[in-house]
Amino acid sequence: MKVLVRKSVAGAEYWDTKEKRSIFVPKGMEPDFEVASENPATVITPEGDTKIISVDSSSGKDRTVVAVMKQEEGKVIVESMDLTESPEQTEPNADLESKTIKELRAIAKKEGIDIPNAIRTKGDIINIIESSK
């Protein structure tokens, strides 16, 4: 369903609630799709929707604020808020990136991974180590 979001001098902007994208229709043209006509605010944000308000990734663990909101008389009412901590999110090869090529070859040898002498770039060695795990 498409909902009119705003009109401007250049045209009208619609929100596609299924595809989650904006559609712009230039001024003087008619939209070639059906537009929601009754209470479009509830189409965009149905009652009971859970929205992620912010994510703080400045520390080792992400904290996510999740709020349940509803609309009443044109106002957004926050019914509940929860703070959840995610497990520490690190890239799988983050510690390998900090190693030198010599150290990476030593790690591979220790783990029984054969790195051909023709492989000389750090990225290729990391890929071989990661793919063998």
# chains A, B, ... in the order shown; residues from 1 in each chain; ligands from 1
call {"tool": "select_by_dssp", "arguments": {"residues": "stretch 100-129 of chain A", "states": "helix (DSSP H, G or I)", "output": "list in words"}}
result
Ile101, Lys102, Glu103, Leu104, Arg105, Ala106, Ile107, Ala108, Lys109, Lys110, Lys122, Gly123, Asp124, Ile125, Ile126, Asn127, Ile128 and Ile129 of chain A
call {"tool": "residues_around", "arguments": {"residues": "A:Asp16", "least_positions_apart": "4", "cutoff": "9 Å", "atoms": "only C-alpha atoms", "output": "VMD selection string"}}
result
chain A and resid 1 to 3 20 to 23 44
call {"tool": "atom_distance", "arguments": {"atom1": "atom CA of A:Ile113", "atom2": "atom CA of A:Ile128"}}
result
8.1 Å
call {"tool": "residues_around", "arguments": {"residues": "A:Ile129", "least_positions_apart": "6", "cutoff": "9 Å", "atoms": "only C-alpha atoms", "output": "number ranges by chain"}}
result
A: 104, 107-108, 111, 113, 115
call {"tool": "atom_distance", "arguments": {"atom1": "atom CA of A:Glu73", "atom2": "atom CA of A:Arg6"}}
result
19.7 Å
call {"tool": "atom_distance", "arguments": {"atom1": "atom CA of A:Glu103", "atom2": "atom CA of A:Ser131"}}
result
17.6 Å
call {"tool": "closest_residue", "arguments": {"among": "A:Lys110, A:Lys70, A:Met29, A:Leu96", "to": "A:Lys122", "atoms": "only C-alpha atoms"}}
result
A:Leu96
